[in-house]
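Data file: work-v5.cif. Format and content: mmCIF, C-alpha atoms and all ligand atoms.
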data_target
#
loop_
_atom_site.label_atom_id
_atom_site.label_comp_id
_atom_site.auth_asym_id
_atom_site.auth_seq_id
_atom_site.Cartn_x
_atom_site.Cartn_y
_atom_site.Cartn_z
CA GLY A 1 57.75 -70.14 67.80
CA ASN A 2 61.40 -69.79 66.87
CA PHE A 3 61.71 -66.17 67.89
CA ILE A 4 64.82 -65.65 69.96
CA PRO A 5 64.75 -62.37 71.81
CA PRO A 6 67.85 -60.26 71.52
CA ILE A 7 69.60 -59.80 74.82
CA LYS A 8 70.52 -56.48 76.30
CA SER A 9 74.15 -55.58 75.97
CA ASN A 10 74.16 -53.78 79.29
CA GLY A 11 72.16 -54.06 82.45
CA GLY A 12 72.17 -57.83 81.98
CA ASN A 13 73.28 -60.18 84.65
CA THR A 14 76.98 -60.75 84.29
CA GLY A 15 77.87 -62.30 87.63
CA ASN A 16 79.43 -65.69 87.58
CA VAL A 17 77.20 -68.68 87.99
CA THR A 18 78.37 -69.88 91.38
CA THR A 19 77.80 -66.54 93.00
CA ARG A 20 74.48 -66.05 91.26
CA VAL A 21 73.04 -69.34 92.49
CA ALA A 22 73.98 -68.48 96.03
CA GLY A 23 73.17 -64.80 95.67
CA LYS A 24 69.87 -63.10 96.33
CA SER A 25 67.64 -62.42 93.34
CA ASP A 26 65.92 -59.08 93.12
CA ASP A 27 63.54 -59.49 90.19
CA ALA A 28 61.52 -62.08 88.31
CA SER A 29 64.11 -62.73 85.63
CA ASP A 30 66.80 -63.35 88.25
CA ASP A 31 64.44 -65.82 89.92
CA SER A 32 63.90 -67.61 86.65
CA ALA A 33 67.65 -67.80 85.99
CA LYS A 34 68.17 -69.14 89.48
CA ARG A 35 65.55 -71.86 88.98
CA CYS A 36 67.19 -72.93 85.70
CA LEU A 37 70.57 -73.16 87.39
CA GLU A 38 69.20 -75.12 90.32
CA MET A 39 67.71 -77.65 87.92
CA LEU A 40 71.14 -78.19 86.41
CA CYS A 41 72.90 -78.72 89.75
CA GLY A 42 74.04 -82.22 90.59
CA PRO A 43 72.77 -84.21 93.61
CA ASP A 44 75.41 -82.45 95.71
CA GLY A 45 73.82 -79.09 94.86
CA GLU A 46 76.92 -78.03 92.93
CA LEU A 47 76.84 -76.75 89.37
CA PRO A 48 78.72 -79.02 86.94
CA GLU A 49 82.20 -77.78 86.05
CA LYS A 50 81.22 -76.94 82.47
CA LEU A 51 78.56 -74.50 83.54
CA ARG A 52 80.65 -72.51 85.95
CA ASN A 53 81.74 -69.12 84.71
CA LEU A 54 78.91 -69.02 82.19
CA GLU A 55 76.46 -66.19 82.47
CA PRO A 56 73.20 -67.28 84.12
CA ARG A 57 71.05 -65.40 81.61
CA LEU A 58 72.58 -67.46 78.77
CA ILE A 59 71.96 -70.71 80.62
CA GLU A 60 68.44 -69.53 81.34
CA HIS A 61 67.89 -68.69 77.66
CA ILE A 62 69.12 -72.16 76.65
CA SER A 63 66.90 -73.86 79.25
CA ASN A 64 63.77 -71.85 78.47
CA GLU A 65 63.95 -71.12 74.74
CA ILE A 66 66.23 -73.65 73.12
CA MET A 67 65.75 -76.80 75.17
CA ASP A 68 62.64 -78.88 74.56
CA ARG A 69 62.16 -81.71 77.03
CA ASP A 70 59.35 -83.34 75.06
CA PRO A 71 59.52 -82.65 71.31
CA ASN A 72 56.39 -84.76 70.80
CA VAL A 73 57.12 -86.01 67.26
CA ARG A 74 57.30 -89.72 66.46
CA TRP A 75 58.34 -91.59 63.30
CA ASP A 76 54.67 -92.27 62.58
CA ASP A 77 54.02 -88.55 62.21
CA ILE A 78 56.47 -88.31 59.29
CA ALA A 79 55.29 -89.28 55.82
CA GLY A 80 57.61 -91.32 53.59
CA LEU A 81 61.39 -90.89 54.00
CA ASP A 82 61.77 -94.58 54.82
CA HIS A 83 65.41 -94.62 53.80
CA ALA A 84 66.27 -91.69 56.06
CA LYS A 85 64.33 -93.19 58.95
CA LYS A 86 66.16 -96.50 58.59
CA CYS A 87 69.62 -94.85 58.43
CA VAL A 88 68.89 -92.60 61.36
CA THR A 89 67.53 -95.43 63.50
CA GLU A 90 70.71 -97.43 63.04
CA MET A 91 73.13 -94.59 63.20
CA VAL A 92 71.63 -92.49 65.93
CA ILE A 93 68.74 -93.96 67.86
CA TRP A 94 70.17 -97.38 68.68
CA PRO A 95 73.51 -95.89 69.83
CA LEU A 96 71.68 -93.41 72.07
CA LEU A 97 69.54 -96.19 73.54
CA ARG A 98 72.39 -98.71 73.89
CA PRO A 99 75.72 -96.89 74.30
CA ASP A 100 77.21 -100.06 75.83
CA ILE A 101 76.88 -101.94 72.50
CA PHE A 102 77.80 -99.04 70.24
CA LYS A 103 81.42 -98.53 71.17
CA GLY A 104 84.77 -99.44 69.62
CA CYS A 105 84.21 -100.46 66.00
CA ARG A 106 80.54 -99.69 66.33
CA SER A 107 80.99 -96.26 67.83
CA PRO A 108 78.67 -93.90 66.00
CA GLY A 109 79.49 -90.59 64.31
CA ARG A 110 78.38 -87.64 66.38
CA GLY A 111 77.44 -85.38 63.50
CA LEU A 112 74.56 -85.83 61.07
CA LEU A 113 73.65 -83.51 58.22
CA LEU A 114 70.12 -83.42 56.84
CA PHE A 115 70.01 -81.54 53.57
CA GLY A 116 67.36 -80.89 50.98
CA PRO A 117 64.64 -78.43 50.00
CA PRO A 118 62.85 -76.44 52.71
CA GLY A 119 59.72 -77.88 54.32
CA THR A 120 60.54 -81.56 53.73
CA GLY A 121 60.64 -82.74 57.33
CA LYS A 122 64.24 -82.16 58.44
CA THR A 123 63.21 -80.50 61.70
CA MET A 124 60.57 -83.18 62.23
CA ILE A 125 63.25 -85.87 61.89
CA GLY A 126 65.42 -84.07 64.48
CA LYS A 127 62.53 -83.96 66.92
CA ALA A 128 61.57 -87.56 66.22
CA ILE A 129 65.13 -88.68 66.92
CA ALA A 130 65.03 -86.99 70.30
CA GLY A 131 61.54 -88.38 70.96
CA GLU A 132 62.40 -91.95 69.96
CA ALA A 133 65.75 -91.96 71.76
CA LYS A 134 64.27 -90.29 74.86
CA ALA A 135 66.85 -87.54 74.51
CA THR A 136 66.63 -83.85 75.35
CA PHE A 137 66.18 -81.78 72.21
CA PHE A 138 67.91 -78.46 71.67
CA TYR A 139 66.85 -76.39 68.67
CA ILE A 140 68.83 -73.40 67.52
CA SER A 141 68.72 -71.51 64.29
CA ALA A 142 72.26 -70.69 63.21
CA SER A 143 71.15 -67.52 61.51
CA SER A 144 69.86 -66.22 64.87
CA LEU A 145 73.35 -66.79 66.31
CA THR A 146 74.86 -64.62 63.63
CA SER A 147 72.12 -61.99 63.50
CA LYS A 148 70.45 -61.60 66.91
CA TRP A 149 73.34 -62.63 69.11
CA ILE A 150 76.00 -60.51 67.49
CA GLY A 151 79.15 -60.62 69.58
CA GLU A 152 77.57 -63.06 72.04
CA GLY A 153 77.19 -66.08 69.78
CA GLU A 154 80.35 -67.76 71.06
CA LYS A 155 79.21 -67.53 74.65
CA LEU A 156 75.79 -68.85 73.72
CA VAL A 157 77.38 -71.77 71.85
CA ARG A 158 79.48 -72.63 74.92
CA ALA A 159 76.41 -72.44 77.12
CA LEU A 160 74.46 -74.61 74.66
CA PHE A 161 77.02 -77.41 74.62
CA GLY A 162 77.50 -77.03 78.40
CA VAL A 163 73.80 -77.44 79.17
CA ALA A 164 73.51 -80.30 76.64
CA SER A 165 76.29 -82.19 78.38
CA CYS A 166 74.30 -81.94 81.64
CA ARG A 167 71.19 -83.24 79.90
CA GLN A 168 72.46 -86.37 78.16
CA PRO A 169 71.44 -88.08 76.02
CA ALA A 170 70.99 -84.91 74.04
CA VAL A 171 70.29 -83.97 70.44
CA ILE A 172 71.40 -80.51 69.32
CA PHE A 173 69.61 -79.48 66.14
CA VAL A 174 71.21 -76.58 64.30
CA ASP A 175 68.92 -75.24 61.62
CA GLU A 176 70.43 -73.36 58.65
CA ILE A 177 73.85 -74.66 59.67
CA ASP A 178 75.28 -73.26 56.42
CA SER A 179 75.07 -69.74 57.84
CA LEU A 180 77.42 -70.83 60.62
CA LEU A 181 79.80 -73.16 58.79
CA SER A 182 79.90 -71.72 55.31
CA GLN A 183 82.93 -71.67 53.06
CA ARG A 184 83.26 -67.93 52.78
CA LYS A 185 86.51 -66.44 51.61
CA SER A 186 88.51 -65.69 54.72
CA GLU A 187 89.14 -62.05 53.84
CA GLY A 188 85.42 -61.39 53.37
CA GLU A 189 84.50 -63.13 56.56
CA HIS A 190 83.75 -60.99 59.56
CA GLU A 191 86.02 -61.50 62.52
CA SER A 192 83.05 -62.25 64.80
CA SER A 193 81.53 -64.92 62.56
CA ARG A 194 84.95 -66.51 62.14
CA ARG A 195 85.30 -66.71 65.93
CA LEU A 196 81.82 -68.14 66.24
CA LYS A 197 82.57 -70.80 63.68
CA THR A 198 85.84 -71.71 65.42
CA GLN A 199 84.10 -71.97 68.79
CA PHE A 200 81.44 -74.19 67.28
CA LEU A 201 83.99 -76.52 65.69
CA ILE A 202 85.92 -76.69 68.98
CA GLU A 203 82.78 -77.70 70.87
CA MET A 204 81.99 -80.34 68.26
CA GLU A 205 85.51 -81.69 68.42
CA GLY A 206 85.20 -81.86 72.21
CA PHE A 207 82.21 -84.14 72.35
CA ASP A 208 83.23 -86.11 69.30
CA SER A 209 86.31 -87.45 71.02
CA GLY A 210 84.71 -88.04 74.41
CA SER A 211 82.18 -90.54 75.66
CA GLU A 212 79.38 -88.03 75.80
CA GLN A 213 76.00 -88.97 74.43
CA ILE A 214 75.42 -85.86 72.40
CA LEU A 215 74.42 -85.88 68.77
CA LEU A 216 74.67 -82.82 66.59
CA ILE A 217 72.25 -82.58 63.69
CA GLY A 218 72.76 -79.83 61.14
CA ALA A 219 70.01 -79.01 58.68
CA THR A 220 70.47 -76.99 55.51
CA ASN A 221 68.80 -76.06 52.26
CA ARG A 222 72.18 -74.98 50.91
CA PRO A 223 74.60 -77.87 51.41
CA GLN A 224 76.90 -76.54 48.68
CA GLU A 225 77.81 -73.64 51.00
CA LEU A 226 79.32 -75.89 53.66
CA ASP A 227 83.07 -75.99 53.84
CA GLU A 228 85.33 -78.99 54.05
CA ALA A 229 85.76 -78.75 57.86
CA ALA A 230 82.00 -78.84 58.33
CA ARG A 231 81.59 -81.80 55.98
CA ARG A 232 84.32 -83.69 57.81
CA ARG A 233 82.55 -83.30 61.15
CA LEU A 234 79.09 -84.10 59.84
CA THR A 235 80.04 -87.63 58.94
CA LYS A 236 76.64 -88.89 57.83
CA ARG A 237 74.91 -86.73 55.24
CA LEU A 238 71.35 -87.63 54.35
CA TYR A 239 69.33 -86.20 51.51
CA ILE A 240 65.76 -85.40 52.57
CA PRO A 241 63.94 -85.07 49.24
CA LEU A 242 60.49 -83.77 48.31
CA PRO A 243 57.70 -86.17 49.31
CA SER A 244 56.69 -88.92 46.90
CA SER A 245 53.13 -89.17 45.62
CA GLU A 246 52.28 -91.72 48.37
CA ALA A 247 53.77 -89.45 51.03
CA ARG A 248 51.71 -86.50 49.76
CA ALA A 249 48.55 -88.64 49.88
CA TRP A 250 49.44 -89.67 53.42
CA ILE A 251 49.86 -86.05 54.54
CA VAL A 252 46.46 -85.07 53.10
CA ARG A 253 44.68 -88.05 54.64
CA ASN A 254 46.42 -87.74 57.99
CA LEU A 255 45.70 -84.04 58.43
CA LEU A 256 42.06 -84.28 57.37
CA GLU A 257 41.41 -87.44 59.41
CA LYS A 258 42.76 -85.76 62.54
CA ASP A 259 39.97 -83.19 62.23
CA GLY A 260 37.32 -85.71 61.12
CA LEU A 261 37.13 -84.05 57.69
CA PHE A 262 38.33 -86.90 55.47
CA LYS A 263 35.71 -88.03 52.93
CA LEU A 264 37.73 -88.17 49.69
CA SER A 265 37.69 -91.24 47.42
CA LYS A 266 40.83 -93.03 46.24
CA ASP A 267 40.46 -91.45 42.77
CA GLU A 268 40.13 -87.97 44.24
CA ILE A 269 43.24 -88.45 46.35
CA ASP A 270 45.10 -89.69 43.25
CA THR A 271 44.03 -86.54 41.40
CA ILE A 272 45.28 -84.33 44.25
CA CYS A 273 48.61 -86.19 44.15
CA SER A 274 49.01 -85.69 40.41
CA LEU A 275 48.23 -81.98 40.79
CA THR A 276 50.81 -81.52 43.55
CA GLU A 277 53.91 -82.95 41.87
CA GLY A 278 56.88 -80.92 43.20
CA ASP A 279 55.18 -79.73 46.41
CA SER A 280 57.03 -80.06 49.71
CA GLY A 281 55.49 -81.49 52.89
CA SER A 282 55.01 -78.00 54.16
CA ASP A 283 53.33 -76.93 50.87
CA MET A 284 50.95 -79.88 51.32
CA LYS A 285 50.15 -78.81 54.85
CA ASN A 286 49.36 -75.28 53.62
CA LEU A 287 47.24 -76.70 50.82
CA VAL A 288 45.18 -78.81 53.23
CA LYS A 289 44.73 -75.78 55.48
CA ASP A 290 43.52 -73.68 52.60
CA ALA A 291 41.25 -76.42 51.20
CA SER A 292 39.66 -77.00 54.59
CA MET A 293 38.57 -73.35 54.60
CA GLY A 294 36.36 -74.08 51.54
CA PRO A 295 33.37 -75.55 53.44
CA LEU A 296 33.57 -72.74 56.01
CA ARG A 297 33.62 -70.00 53.37
CA GLU A 298 30.69 -71.62 51.59
CA ALA A 299 28.56 -71.86 54.76
CA LEU A 300 29.22 -68.19 55.52
CA LYS A 301 28.32 -67.25 51.94
CA GLN A 302 24.93 -68.86 52.52
CA GLY A 303 24.29 -66.30 55.22
CA ILE A 304 25.10 -68.25 58.40
CA GLU A 305 26.80 -66.00 60.94
CA ILE A 306 30.22 -67.13 62.13
CA THR A 307 29.13 -66.91 65.79
CA LYS A 308 26.11 -69.17 65.12
CA LEU A 309 27.85 -71.61 62.78
CA LYS A 310 27.69 -75.26 63.87
CA LYS A 311 30.03 -78.01 62.66
CA GLU A 312 27.02 -79.79 61.06
CA ASP A 313 26.38 -76.72 58.87
CA MET A 314 29.57 -77.40 56.97
CA ARG A 315 29.98 -79.98 54.21
CA SER A 316 33.15 -82.09 54.06
CA VAL A 317 36.25 -81.04 52.13
CA THR A 318 36.04 -81.90 48.41
CA LEU A 319 38.39 -82.24 45.47
CA GLN A 320 37.07 -78.88 44.24
CA ASP A 321 38.28 -77.26 47.49
CA PHE A 322 41.76 -78.60 46.72
CA GLU A 323 41.58 -77.37 43.15
CA ASP A 324 40.61 -73.91 44.40
CA ALA A 325 43.36 -73.96 47.02
CA LEU A 326 45.91 -74.90 44.36
CA GLN A 327 45.30 -71.51 42.75
CA GLU A 328 46.67 -69.94 45.94
CA VAL A 329 49.34 -72.37 47.13
CA ARG A 330 52.21 -72.77 44.67
CA PRO A 331 55.19 -75.13 45.08
CA SER A 332 57.95 -73.42 47.02
CA VAL A 333 60.85 -75.33 45.43
CA SER A 334 61.96 -74.92 41.82
CA SER A 335 63.20 -77.79 39.67
CA ASN A 336 66.56 -75.99 39.22
CA GLU A 337 67.16 -76.21 42.94
CA LEU A 338 66.43 -79.94 42.92
CA GLY A 339 69.24 -80.49 40.42
CA THR A 340 71.70 -78.87 42.84
CA TYR A 341 70.65 -81.22 45.66
CA ASP A 342 71.00 -84.28 43.45
CA GLU A 343 74.48 -83.20 42.39
CA TRP A 344 75.62 -82.57 45.95
CA ASN A 345 74.08 -85.83 47.10
CA LYS A 346 76.04 -87.75 44.45
CA GLN A 347 79.26 -86.06 45.48
CA PHE A 348 78.99 -85.92 49.28
CA GLY A 349 75.79 -87.64 50.40
CA SER A 350 75.61 -90.91 52.32
CA LEU A 351 73.80 -92.99 49.76
CA SER A 352 73.39 -96.04 51.92
P1 LIG B 1 62.32 -78.48 57.17
O1 LIG B 1 62.99 -78.56 58.52
O2 LIG B 1 62.78 -79.55 56.22
O3 LIG B 1 62.37 -77.12 56.55
P2 LIG B 1 59.95 -79.08 58.70
O4 LIG B 1 60.35 -80.38 59.31
O5 LIG B 1 60.03 -77.87 59.60
O6 LIG B 1 60.78 -78.79 57.38
O7 LIG B 1 58.47 -79.21 58.12
C1 LIG B 1 57.56 -78.13 58.11
C2 LIG B 1 56.16 -78.68 58.23
O8 LIG B 1 55.80 -79.34 57.02
C3 LIG B 1 56.02 -79.73 59.32
O9 LIG B 1 55.64 -79.15 60.55
C4 LIG B 1 54.95 -80.65 58.79
O10 LIG B 1 53.67 -80.16 59.10
C5 LIG B 1 55.11 -80.56 57.28
N1 LIG B 1 55.92 -81.67 56.75
C6 LIG B 1 57.07 -81.55 56.05
N2 LIG B 1 57.55 -82.74 55.68
C7 LIG B 1 56.68 -83.67 56.16
C8 LIG B 1 56.63 -85.10 56.13
N3 LIG B 1 57.57 -85.84 55.50
N4 LIG B 1 55.60 -85.71 56.76
C9 LIG B 1 54.64 -85.02 57.39
N5 LIG B 1 54.63 -83.65 57.45
C10 LIG B 1 55.63 -82.98 56.84
#
What do you get writing this file as C-alpha cells?
Ligand code: ADP
Amino acid sequence: GNFIPPIKSNGGNTGNVTTRVAGKSDDASDDSAKRCLEMLCGPDGELPEKLRNLEPRLIEHISNEIMDRDPNVRWDDIAGLDHAKKCVTEMVIWPLLRPDIFKGCRSPGRGLLLFGPPGTGKTMIGKAIAGEAKATFFYISASSLTSKWIGEGEKLVRALFGVASCRQPAVIFVDEIDSLLSQRKSEGEHESSRRLKTQFLIEMEGFDSGSEQILLIGATNRPQELDEAARRRLTKRLYIPLPSSEARAWIVRNLLEKDGLFKLSKDEIDTICSLTEGDSGSDMKNLVKDASMGPLREALKQGIEITKLKKEDMRSVTLQDFEDALQEVRPSVSSNELGTYDEWNKQFGSLS
C-alpha cells in the first residue's frame, strides 16, 4: 500500500500550474492532474499562491498517493498506549479542534516525534490523530523521498506542505524520519540529501511560526540517529513501547472477535500472553493470522475440498493453534534494541 511509483525524469508534465489548469489535457494522466488541481482551487477558481509554480504531476501525486481524506482509525482500535493517547489528545487533538483556545501561552508545538520499536502502533496513532481531529492525513515515507525521488525530493516536499496548507487542519506523518533528518557527518552527506533536509526544515519552520493548523508527526525506530536540529523542531517526543500483556490479550481478542472466531478461555488467553512476551503489536497480528489458519488446514487435511468448504466445517481457533503458530512467528525486536530506546527516552523523551 505504501508503494510510491518513481516518476519519469523526462516526458513528464513540467508546465506551470496556472497554465496547466487552463490548458487542454491530452491524456488520462493530464486529466487526473487537472482534477486534482481543480479540487485545490479556492471559491474564486484560483489556485492558492503556495501551489502556483509547482508541477501538476507532483500535486497530483500528493493528492492521489499521499493524502488520505479518511484514515479510518480511532483510538478504540489501538491497544494499550494510554499514556501516549492522553498526551497526544492534549497536545494535538484539542488544539486542532479548538485553535481559538490554544493560542498564546497554550499554543501547541507543531512537531511530534513517535519513537520505538517497529510495529508498535506509531502509524496507527498518526492516523487516529487525523481521524479524531477531523484532519486530512498525509503519509510519506522519508526513505522513499531519498530513494525513489532522487533529485526531486525537495520539489515533492514543497508540494506536500503546499497541499497540506490548502487542506487544513492537516497532519503530515513522516515515517522513518531518521533517514531524512539524520546526523550524518557533513562531508559524507550527499549534496542532494543535504538539500532535501534543508528544504524540509525550512518548510517546518514556516508553519511553526505561522497560524497554520498543520501538525508534523515523525516516526522512527532509530531515534538516536536524529540530529539536534530535528530534535529541536520535534518538541514533543513520545516513546511508543512494545505492548503490555493486557494490550497483547486485547489484540488477540479483538482480531478474533471481528471474525467471530473467539472462543478462548481466560486461562488460555493468559497462556498466550505469557508465551508472547517481547512481541510487538504487528507480531501479534501475524500470530493471530497464522493461528487462524489452523482450523482451515485441519479441515482440508480431513479431505474437504477448499471449493466445497463451509464455515461450519471449521472448528474455532484453539490455544494449540497459537502454540503451533508461535513456532513460525518470532518476535521481531531484540532486547538489546529495547535498551537503546529506554536510554534515548531518558535523555530526550517527553516523560510526562
Ligand atoms: P509502526 O508504525 O509502529 O511500525 P504500525 O502502526 O504500522 O506500526 O502497526 C502495524 C500493525 O500492527 C497495525 O496495522 C496493527 O494491525 C498492529 N498493531 C501494532 N500496534 C498495535 C496496537 N497498539 N494496537 C492494535 N494493533 C496494533
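Closest approach to A:Ala229 among A:Asn64, A:Asn53, A:Ser182, A:Ser245: A:Ser182, based on all atoms listed in the file.
Once A:Met124 and its same-chain neighbours fewer than 6 positions away are set aside, Val73, Arg74, Trp75, Asp77 and Ile78 of chain A remain within 9 Å of it when counting all atoms listed in the file.
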Wanna dump the chain A-ligand LIG 1 (chain B) contacts at 7 Å for me, each residue with its shortest atom pair and the distance in Å to one decimal, counting only C-alpha atoms and all ligand atoms, ordered by chain and number, as JSON lines?
{"residue": "A:Asp77", "atom": "CA", "partner": "B:LIG1", "partner_atom": "C9", "distance": 6.0}
{"residue": "A:Ile78", "atom": "CA", "partner": "B:LIG1", "partner_atom": "N4", "distance": 3.7}
{"residue": "A:Ala79", "atom": "CA", "partner": "B:LIG1", "partner_atom": "N4", "distance": 3.7}
{"residue": "A:Gly80", "atom": "CA", "partner": "B:LIG1", "partner_atom": "N3", "distance": 5.8}
{"residue": "A:Leu81", "atom": "CA", "partner": "B:LIG1", "partner_atom": "N3", "distance": 6.5}
{"residue": "A:Pro117", "atom": "CA", "partner": "B:LIG1", "partner_atom": "O2", "distance": 6.6}
{"residue": "A:Pro118", "atom": "CA", "partner": "B:LIG1", "partner_atom": "O3", "distance": 3.9}
{"residue": "A:Gly119", "atom": "CA", "partner": "B:LIG1", "partner_atom": "O6", "distance": 3.4}
{"residue": "A:Thr120", "atom": "CA", "partner": "B:LIG1", "partner_atom": "N2", "distance": 3.8}
{"residue": "A:Gly121", "atom": "CA", "partner": "B:LIG1", "partner_atom": "O4", "distance": 3.1}
{"residue": "A:Lys122", "atom": "CA", "partner": "B:LIG1", "partner_atom": "O2", "distance": 3.7}
{"residue": "A:Thr123", "atom": "CA", "partner": "B:LIG1", "partner_atom": "O4", "distance": 3.7}
{"residue": "A:Met124", "atom": "CA", "partner": "B:LIG1", "partner_atom": "O4", "distance": 4.1}
{"residue": "A:Ile125", "atom": "CA", "partner": "B:LIG1", "partner_atom": "O4", "distance": 6.7}
{"residue": "A:Pro243", "atom": "CA", "partner": "B:LIG1", "partner_atom": "N3", "distance": 6.2}
{"residue": "A:Ala247", "atom": "CA", "partner": "B:LIG1", "partner_atom": "N3", "distance": 6.9}
{"residue": "A:Ile251", "atom": "CA", "partner": "B:LIG1", "partner_atom": "C9", "distance": 5.7}
{"residue": "A:Ser280", "atom": "CA", "partner": "B:LIG1", "partner_atom": "C6", "distance": 6.5}
{"residue": "A:Gly281", "atom": "CA", "partner": "B:LIG1", "partner_atom": "C6", "distance": 3.5}
{"residue": "A:Ser282", "atom": "CA", "partner": "B:LIG1", "partner_atom": "O8", "distance": 3.3}
{"residue": "A:Lys285", "atom": "CA", "partner": "B:LIG1", "partner_atom": "O10", "distance": 5.7}
Exercise. Within 12 Å of A:Glu49, counting all atoms listed in the file, which residues qualify if same-chain residues fewer than 5 places away don't, as a VMD selection string?
Worked result: chain A and resid 17 to 18 40 to 42 54 159 162 to 163 165 to 166
Once you count only C-alpha atoms, what closest atom pair and distance in Å to one decimal does each residue of stretch 149-249 of chain A within 7 Å of stretch 101-114 of chain A have, with rows by chain and rising residue number, as JSON lines?
{"residue": "A:Asp208", "atom": "CA", "partner": "A:Arg110", "partner_atom": "CA", "distance": 5.9}
{"residue": "A:Ile214", "atom": "CA", "partner": "A:Arg110", "partner_atom": "CA", "distance": 6.9}
{"residue": "A:Leu215", "atom": "CA", "partner": "A:Arg110", "partner_atom": "CA", "distance": 4.9}
{"residue": "A:Leu216", "atom": "CA", "partner": "A:Gly111", "partner_atom": "CA", "distance": 4.9}
{"residue": "A:Ile217", "atom": "CA", "partner": "A:Leu112", "partner_atom": "CA", "distance": 4.8}
{"residue": "A:Gly218", "atom": "CA", "partner": "A:Leu113", "partner_atom": "CA", "distance": 4.8}
{"residue": "A:Ala219", "atom": "CA", "partner": "A:Leu114", "partner_atom": "CA", "distance": 4.8}
{"residue": "A:Thr220", "atom": "CA", "partner": "A:Leu114", "partner_atom": "CA", "distance": 6.6}
{"residue": "A:Arg233", "atom": "CA", "partner": "A:Gly111", "partner_atom": "CA", "distance": 6.0}
{"residue": "A:Leu234", "atom": "CA", "partner": "A:Gly111", "partner_atom": "CA", "distance": 4.2}
{"residue": "A:Thr235", "atom": "CA", "partner": "A:Gly111", "partner_atom": "CA", "distance": 5.7}
{"residue": "A:Lys236", "atom": "CA", "partner": "A:Leu112", "partner_atom": "CA", "distance": 4.9}
{"residue": "A:Arg237", "atom": "CA", "partner": "A:Leu113", "partner_atom": "CA", "distance": 4.6}
{"residue": "A:Leu238", "atom": "CA", "partner": "A:Leu114", "partner_atom": "CA", "distance": 5.0}
{"residue": "A:Tyr239", "atom": "CA", "partner": "A:Leu114", "partner_atom": "CA", "distance": 6.1}
{"residue": "A:Ile240", "atom": "CA", "partner": "A:Leu114", "partner_atom": "CA", "distance": 6.4}
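Atom CA of A:Ser334 sits 28.9 Å away from atom CA of A:Arg232.
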Seminar exercise, completed: Using all atoms listed in the file, the shortest atom-to-atom distance to A:Tyr139 among A:Asp321, A:Glu65, A:Glu90, A:Glu154 belongs to A:Glu65
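For the choices A:Pro241, A:Gly116, A:Pro43, A:Gly153, the atom-to-atom distance to A:Gln199 is smallest for A:Gly153 when using only C-alpha atoms.
Distance-wise, atom CA of A:Ile172 and atom CA of A:Lys127 end up 9.8 Å apart.
You will find atom CA of A:Glu55 at 16.5 Å from atom CA of A:Leu145.
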Distance cut-off 12 Å, centre (48.4, -79.8, 45.9) in file coordinates, counting only C-alpha atoms: which residues qualify? Return them as a compact mmCIF listing (two decimals) with C-alpha atoms, keeping the file's coordinate frame.
# COMPACT_ATOMS: atom_id res chain seq x y z
CA PRO A 243 57.70 -86.17 49.31
CA SER A 245 53.13 -89.17 45.62
CA ARG A 248 51.71 -86.50 49.76
CA ALA A 249 48.55 -88.64 49.88
CA ILE A 251 49.86 -86.05 54.54
CA VAL A 252 46.46 -85.07 53.10
CA GLU A 268 40.13 -87.97 44.24
CA ILE A 269 43.24 -88.45 46.35
CA ASP A 270 45.10 -89.69 43.25
CA THR A 271 44.03 -86.54 41.40
CA ILE A 272 45.28 -84.33 44.25
CA CYS A 273 48.61 -86.19 44.15
CA SER A 274 49.01 -85.69 40.41
CA LEU A 275 48.23 -81.98 40.79
CA THR A 276 50.81 -81.52 43.55
CA GLU A 277 53.91 -82.95 41.87
CA GLY A 278 56.88 -80.92 43.20
CA ASP A 279 55.18 -79.73 46.41
CA SER A 280 57.03 -80.06 49.71
CA GLY A 281 55.49 -81.49 52.89
CA SER A 282 55.01 -78.00 54.16
CA ASP A 283 53.33 -76.93 50.87
CA MET A 284 50.95 -79.88 51.32
CA LYS A 285 50.15 -78.81 54.85
CA ASN A 286 49.36 -75.28 53.62
CA LEU A 287 47.24 -76.70 50.82
CA VAL A 288 45.18 -78.81 53.23
CA LYS A 289 44.73 -75.78 55.48
CA ASP A 290 43.52 -73.68 52.60
CA ALA A 291 41.25 -76.42 51.20
CA LEU A 319 38.39 -82.24 45.47
CA GLN A 320 37.07 -78.88 44.24
CA ASP A 321 38.28 -77.26 47.49
CA PHE A 322 41.76 -78.60 46.72
CA GLU A 323 41.58 -77.37 43.15
CA ASP A 324 40.61 -73.91 44.40
CA ALA A 325 43.36 -73.96 47.02
CA LEU A 326 45.91 -74.90 44.36
CA GLN A 327 45.30 -71.51 42.75
CA GLU A 328 46.67 -69.94 45.94
CA VAL A 329 49.34 -72.37 47.13
CA ARG A 330 52.21 -72.77 44.67
CA PRO A 331 55.19 -75.13 45.08
CA SER A 332 57.95 -73.42 47.02
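Considering only C-alpha atoms, the residue among A:His83, A:Arg315, A:Arg231, A:Arg69 positioned nearest to A:Phe137 is A:Arg69.
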Exercise. Within 9 Å of A:Val317, counting only C-alpha atoms, which residues qualify if same-chain residues fewer than 4 places away don't, as a PyMOL selection string?
Worked result: chain A and resi 256+261-264+291-295+321-322
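Closest to A:Asp342 among A:Arg222, A:Lys311, A:Lys266, A:Arg194 is A:Arg222, based on only C-alpha atoms.
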